[in-house]
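Enquirer: Below is the structure I would like to discuss, written out as structure tokens.
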Amino acid sequence: MTQPSGDREAHYRILLVEDDDGDALLVEELLVDTDLRYTLVRSRSVAEARGELAARPFDCVLLDLHLPDASGVATVHTVQETDGHAAVIVLTGLVESRAGVEALAAGAQDYLVKGKVEPELLQRAVRYAVQRKQSERASAALQVGRLRAQENARLERGLLPQPLVSSPSVTITSRYFPGREQALLGGDFLDVVQTDDGQVHAIVGDVSGHGADAAALGVCLRIAWRTAVLGGHRDQDLLHLLERMHIAERSGSSLFTTCTLVTLDPLRAQAVLHLVGHHEPLLITPSGAEVVPAEHGIALGIIPGLGDWPATTLRLPARGSLIVYTDGLIEGYAGADERLGVEGLLAIIEETDASGPGDHLDQLIAKARSLNAERHTDDLAILRIDWNAPGDAADGPAPAGERRGRQPTARSGAHEYHLA
């Protein structure tokens, strides 16, 4: 409907569906005598009406219940299925008041009895029917929004659970942002648990794609990971289980999942990493930030059953932080056509002066999103693990650039790095 401007009356687009020429002429004359500003189109059958409704928008349909190709309440259903935006006013005979009530129950906005309609009544019926339809649509949209918010909340609880960490020497901080405002959560997920041996296990993952399917798969993988870790599964065994779950639960063969697994031993200042098609985490110390060197494996679901995910063992400073994130943080733009990238992220960290882990992540994300200016839309999940090990586990933090070489361990597929 064309909205009124100032004192101008709204303009109504009306479709009259009537096979009887005499009845159609009466309706046309009644409309002429109203104060409505309107455009009238006539159809003689439901088939013609469907063609008109498909070709252009209408505000109101004046619908006879007895047509050559349809009759009764079925005609109301047919019109609504063709165009759910138009208000429907049913035209009934003198002895068909029950049919009018049934039409209302079927979704029509009003009904009029032929032969008992005056111009003023028709004018009021058209206006109220259109307003009633708009109110119904607004109410339906509000309900859809509420259901979507509830769905988002359920998915968010599944994707972003409360960490199960009891060690006072370890602090967990995380943040999540969907790719678009008010968007359904995507497939980014994270989780942290601490097992009875004191080790802290973390995962940050990213299911390819967006929407409910990716989010649901992310929830499945996150729950499967937590269950398997608490059940004692580790390393290759754990990742093969996750890939089996990925294959079983994904909605299409094109979906894959990247993730980073971290096992942190705060007492020994040691961490074991598995990069599954994912980029390296960052190490933060008082001396600065650097990319952690680590071996790579392929994403889950790329070559089912043939994945090999080497472990990287890190000797860490007594105090520091690991930041693990999904690619939504670094794939945004930092210039006209330049991506932020890891180097840009390190530059932001270099300039960030925060009072705590939460403030640090908030500033980092805010700066990255500000540079991107909504040009790249992807979900963003980030996890920061802070630890403070006993003094005898390491001699304390040294400049992050003083890396003391690579020394592969005897274990096949595993590598060890020393970070001072």
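How things are named: the first chain in the structure tokens is A, the next is B, and so on; residues count from 1 in each chain; ligands count from 1 in the order shown.
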Determine, counting only C-alpha atoms, which protein, DNA and RNA residues have an atom within 10 Å of an atom of Lys133 of chain A; residues of the same chain fewer than 6 positions away are not included. Present the result as a list of chain:residue names.
Expert: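 Listed by chain and then number, they are A:Asp59, A:Cys60, A:Gly84, A:His85, A:Ala86, A:Ala87, A:Val88, A:Gly107, A:Ala108, A:Gln109, A:Ser139.
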Enquirer: Which residues are close to segment 42-57 of chain A, i.e. within 10 Å by only C-alpha atoms, leaving aside same-chain residues fewer than 2 positions away? Reply as JSON, numbers by chain.
Expert: {"A": [1, 13, 14, 15, 16, 17, 18, 19, 20, 21, 24, 28, 40, 59, 60, 61, 62, 63, 64, 65, 66, 67, 68, 69, 70, 71, 75, 76, 78, 79, 80, 81, 82, 83, 84, 85, 86]}
Enquirer: Would you compute the distance between atom CA of Thr257 of chain A and atom CA of Leu364 of chain A? Give it in Å to one decimal.
Expert: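 These two atoms are separated by 24.9 Å.
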Enquirer: Based on DSSP run over this structure's backbone, return all residues of segment 255-398 of chain A in helix (DSSP H, G or I), as a ChimeraX atom specification.
Expert: /A:327-329,341-351,357-372,391-393
Enquirer: When you look at segment 380-385 of chain A with a cut-off of 9 Å (counting only C-alpha atoms), what residues show up, excluding the ones that are within fewer than 3 positions of it in the same chain? I need them as a PyMOL selection string.
Expert: chain A and resi 170-179+188-191+202-206+320-329+357-358+361+365
Enquirer: Generate the output file for the selected residues, N, CA, C and O atoms, as a short mmCIF file (atom, residue, chain, number, x, y, z; two decimals), in the first residue's frame.
Expert:
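That gives us again_27.cif:
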data_model
loop_
_atom_site.label_atom_id
_atom_site.label_comp_id
_atom_site.auth_asym_id
_atom_site.auth_seq_id
_atom_site.Cartn_x
_atom_site.Cartn_y
_atom_site.Cartn_z
N VAL A 170 45.05 -20.46 36.50
CA VAL A 170 44.63 -20.36 35.10
C VAL A 170 43.36 -19.51 35.01
O VAL A 170 42.42 -19.72 35.77
N THR A 171 43.36 -18.55 34.09
CA THR A 171 42.20 -17.69 33.85
C THR A 171 41.75 -17.86 32.41
O THR A 171 42.57 -17.81 31.49
N ILE A 172 40.45 -18.05 32.23
CA ILE A 172 39.88 -18.24 30.90
C ILE A 172 39.00 -17.04 30.54
O ILE A 172 38.12 -16.66 31.31
N THR A 173 39.25 -16.45 29.37
CA THR A 173 38.45 -15.33 28.88
C THR A 173 38.09 -15.59 27.43
O THR A 173 38.95 -16.00 26.65
N SER A 174 36.84 -15.36 27.06
CA SER A 174 36.43 -15.62 25.68
C SER A 174 35.45 -14.55 25.21
O SER A 174 34.79 -13.89 26.02
N ARG A 175 35.34 -14.41 23.89
CA ARG A 175 34.41 -13.50 23.27
C ARG A 175 33.88 -14.14 21.98
O ARG A 175 34.57 -14.92 21.34
N TYR A 176 32.65 -13.77 21.62
CA TYR A 176 32.06 -14.25 20.37
C TYR A 176 31.23 -13.14 19.74
O TYR A 176 30.49 -12.43 20.44
N PHE A 177 31.34 -12.99 18.41
CA PHE A 177 30.52 -12.04 17.67
C PHE A 177 30.04 -12.72 16.39
O PHE A 177 30.84 -13.28 15.64
N PRO A 178 28.71 -12.67 16.11
CA PRO A 178 28.23 -13.17 14.82
C PRO A 178 28.69 -12.26 13.70
O PRO A 178 29.05 -11.10 13.93
N GLY A 179 28.68 -12.78 12.48
CA GLY A 179 29.18 -12.01 11.34
C GLY A 179 28.33 -10.80 11.02
O GLY A 179 28.83 -9.83 10.48
N ASP A 188 31.25 -21.18 14.62
CA ASP A 188 32.39 -21.02 15.52
C ASP A 188 32.03 -21.52 16.91
O ASP A 188 30.93 -21.27 17.41
N PHE A 189 32.94 -22.24 17.55
CA PHE A 189 32.67 -22.75 18.89
C PHE A 189 33.97 -22.83 19.68
O PHE A 189 35.07 -22.82 19.12
N LEU A 190 33.83 -22.88 21.00
CA LEU A 190 35.00 -23.03 21.87
C LEU A 190 34.59 -23.68 23.17
O LEU A 190 33.42 -23.67 23.55
N ASP A 191 35.56 -24.26 23.86
CA ASP A 191 35.29 -24.90 25.14
C ASP A 191 36.60 -25.09 25.88
O ASP A 191 37.68 -25.16 25.27
N ALA A 202 41.61 -27.20 25.89
CA ALA A 202 40.80 -26.18 25.21
C ALA A 202 40.66 -26.51 23.74
O ALA A 202 41.54 -27.14 23.15
N ILE A 203 39.54 -26.09 23.17
CA ILE A 203 39.32 -26.21 21.74
C ILE A 203 38.68 -24.92 21.23
O ILE A 203 37.82 -24.34 21.89
N VAL A 204 39.13 -24.46 20.08
CA VAL A 204 38.49 -23.37 19.34
C VAL A 204 38.30 -23.89 17.93
O VAL A 204 39.27 -24.29 17.27
N GLY A 205 37.04 -23.90 17.46
CA GLY A 205 36.75 -24.48 16.16
C GLY A 205 35.89 -23.60 15.29
O GLY A 205 35.24 -22.66 15.76
N ASP A 206 35.85 -23.92 14.01
CA ASP A 206 35.10 -23.13 13.03
C ASP A 206 34.56 -24.08 11.97
O ASP A 206 35.32 -24.63 11.17
N GLY A 320 52.16 -16.08 31.28
CA GLY A 320 51.87 -15.65 29.92
C GLY A 320 50.44 -15.94 29.53
O GLY A 320 49.61 -16.33 30.36
N SER A 321 50.15 -15.77 28.24
CA SER A 321 48.80 -15.99 27.72
C SER A 321 48.89 -16.59 26.33
O SER A 321 49.79 -16.26 25.55
N LEU A 322 47.96 -17.47 26.04
CA LEU A 322 47.77 -17.97 24.68
C LEU A 322 46.44 -17.43 24.16
O LEU A 322 45.42 -17.48 24.87
N ILE A 323 46.46 -16.91 22.95
CA ILE A 323 45.23 -16.44 22.31
C ILE A 323 44.97 -17.30 21.09
O ILE A 323 45.79 -17.38 20.17
N VAL A 324 43.82 -17.98 21.11
CA VAL A 324 43.40 -18.84 20.00
C VAL A 324 42.13 -18.22 19.42
O VAL A 324 41.21 -17.87 20.18
N TYR A 325 42.03 -18.10 18.11
CA TYR A 325 40.91 -17.36 17.51
C TYR A 325 40.53 -17.98 16.18
O TYR A 325 41.31 -18.73 15.56
N THR A 326 39.34 -17.68 15.73
CA THR A 326 38.90 -18.10 14.39
C THR A 326 39.24 -17.02 13.38
O THR A 326 39.54 -15.87 13.74
N ASP A 327 39.18 -17.39 12.11
CA ASP A 327 39.71 -16.48 11.08
C ASP A 327 38.87 -15.24 10.87
O ASP A 327 39.29 -14.32 10.16
N GLY A 328 37.67 -15.17 11.47
CA GLY A 328 36.89 -13.96 11.36
C GLY A 328 37.59 -12.75 11.96
O GLY A 328 37.28 -11.60 11.60
N LEU A 329 38.57 -12.99 12.84
CA LEU A 329 39.30 -11.88 13.47
C LEU A 329 40.30 -11.25 12.51
O LEU A 329 40.54 -10.03 12.56
N PRO A 357 42.53 -9.28 31.08
CA PRO A 357 42.27 -10.11 29.89
C PRO A 357 41.00 -9.72 29.14
O PRO A 357 40.99 -9.64 27.91
N GLY A 358 39.91 -9.49 29.88
CA GLY A 358 38.65 -9.14 29.23
C GLY A 358 38.75 -7.82 28.49
O GLY A 358 38.29 -7.69 27.35
N LEU A 361 40.83 -8.25 25.26
CA LEU A 361 40.11 -8.82 24.13
C LEU A 361 39.11 -7.83 23.56
O LEU A 361 38.94 -7.73 22.34
N ILE A 365 39.27 -6.65 19.66
CA ILE A 365 38.16 -6.91 18.75
C ILE A 365 37.57 -5.59 18.23
O ILE A 365 37.25 -5.46 17.05
#
Enquirer: Find the spatial neighbours of segment 221-233 of chain A, counting only C-alpha atoms, within a cut-off of 7 Å - ignore same-chain residues fewer than 4 positions away - and output them as a CSV table (one decimal) with C-alpha atoms, in the first residue's frame.
Expert:
chain,number,residue,atom,x,y,z
A,159,LEU,CA,28.6,-23.2,21.3
A,189,PHE,CA,32.7,-22.8,18.9
A,190,LEU,CA,35.0,-23.0,21.9
A,191,ASP,CA,35.3,-24.9,25.1
A,195,THR,CA,40.9,-32.8,34.1
A,217,LEU,CA,27.2,-29.1,13.9
A,237,ASP,CA,42.5,-40.8,19.0
A,238,LEU,CA,40.5,-37.7,20.1
A,242,LEU,CA,35.7,-35.8,16.3
A,245,MET,CA,31.2,-37.2,14.7
A,246,HIS,CA,31.7,-34.5,12.0
Enquirer: Just give me the gap between atom CA of Gly115 of chain A and atom CA of Gly72 of chain A in Å, one decimal is fine.
Expert: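 Between these atoms lies a distance of 19.0 Å.
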Enquirer: Write out as a PyMOL selection string each polymer residue whose atoms come within 10 Å of Gln236 of chain A, counting only C-alpha atoms; drop sequence neighbours fewer than 6 positions from it.
Expert: chain A and resi 242+274+307-311
Enquirer: Return as an MDAnalysis selection string the full set of residues in segment 22-186 of chain A whose backbone-based DSSP assignment is strand (DSSP E).
Expert: chainID A and resid 37:43 60:64 66:67 70:71 87:92 110:113 170:177
Enquirer: Mind writing the picked residues with C-alpha atoms as an mmCIF file, in the first residue's frame?
Expert:
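Ended up saving to result33.cif:
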data_model
loop_
_atom_site.group_PDB
_atom_site.id
_atom_site.type_symbol
_atom_site.label_atom_id
_atom_site.label_comp_id
_atom_site.auth_asym_id
_atom_site.auth_seq_id
_atom_site.Cartn_x
_atom_site.Cartn_y
_atom_site.Cartn_z
ATOM 1 C CA ARG A 37 -7.896 6.308 -3.849
ATOM 2 C CA TYR A 38 -7.483 2.961 -5.559
ATOM 3 C CA THR A 39 -6.456 0.946 -8.588
ATOM 4 C CA LEU A 40 -8.810 -1.904 -9.457
ATOM 5 C CA VAL A 41 -7.981 -5.069 -11.389
ATOM 6 C CA ARG A 42 -10.571 -7.775 -12.080
ATOM 7 C CA SER A 43 -10.136 -11.532 -12.457
ATOM 8 C CA CYS A 60 -6.664 -6.136 -0.816
ATOM 9 C CA VAL A 61 -8.483 -8.968 -2.601
ATOM 10 C CA LEU A 62 -12.291 -8.840 -2.891
ATOM 11 C CA LEU A 63 -13.032 -12.543 -3.323
ATOM 12 C CA ASP A 64 -16.232 -14.261 -4.435
ATOM 13 C CA HIS A 66 -18.190 -19.278 -6.020
ATOM 14 C CA LEU A 67 -15.918 -19.267 -9.047
ATOM 15 C CA ALA A 70 -12.943 -23.139 -7.090
ATOM 16 C CA SER A 71 -15.570 -22.620 -4.424
ATOM 17 C CA ALA A 87 -5.790 -8.684 2.878
ATOM 18 C CA VAL A 88 -8.772 -10.830 1.848
ATOM 19 C CA ILE A 89 -12.423 -9.692 2.015
ATOM 20 C CA VAL A 90 -14.860 -12.437 1.090
ATOM 21 C CA LEU A 91 -18.033 -11.601 -0.869
ATOM 22 C CA THR A 92 -20.931 -13.889 0.124
ATOM 23 C CA ASP A 110 -13.511 -9.642 6.705
ATOM 24 C CA TYR A 111 -16.608 -10.652 4.745
ATOM 25 C CA LEU A 112 -19.373 -8.641 3.061
ATOM 26 C CA VAL A 113 -22.867 -9.802 2.037
ATOM 27 C CA VAL A 170 44.633 -20.360 35.098
ATOM 28 C CA THR A 171 42.199 -17.691 33.852
ATOM 29 C CA ILE A 172 39.884 -18.240 30.896
ATOM 30 C CA THR A 173 38.454 -15.329 28.884
ATOM 31 C CA SER A 174 36.434 -15.618 25.682
ATOM 32 C CA ARG A 175 34.406 -13.496 23.268
ATOM 33 C CA TYR A 176 32.055 -14.251 20.367
ATOM 34 C CA PHE A 177 30.522 -12.045 17.665
#
Enquirer: What gap, in Å, lies between atom CA of Arg319 of chain A and atom CA of Trp387 of chain A?
Expert: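 Taking atom CA of Arg319 of chain A as the start and atom CA of Trp387 of chain A as the end point, the length is 5.7 Å.
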Enquirer: Using only C-alpha atoms for the distances, tell me which of A:His201, A:Val101, A:Gln162, A:Pro304 is nearest to Ser253 of chain A.
Expert: A:Pro304
Enquirer: Counting only C-alpha atoms, figure out which residue out of A:Glu331, A:Ala299, A:Val291, A:Glu350 gets nearest to Arg369 of chain A.
Expert: A:Glu331
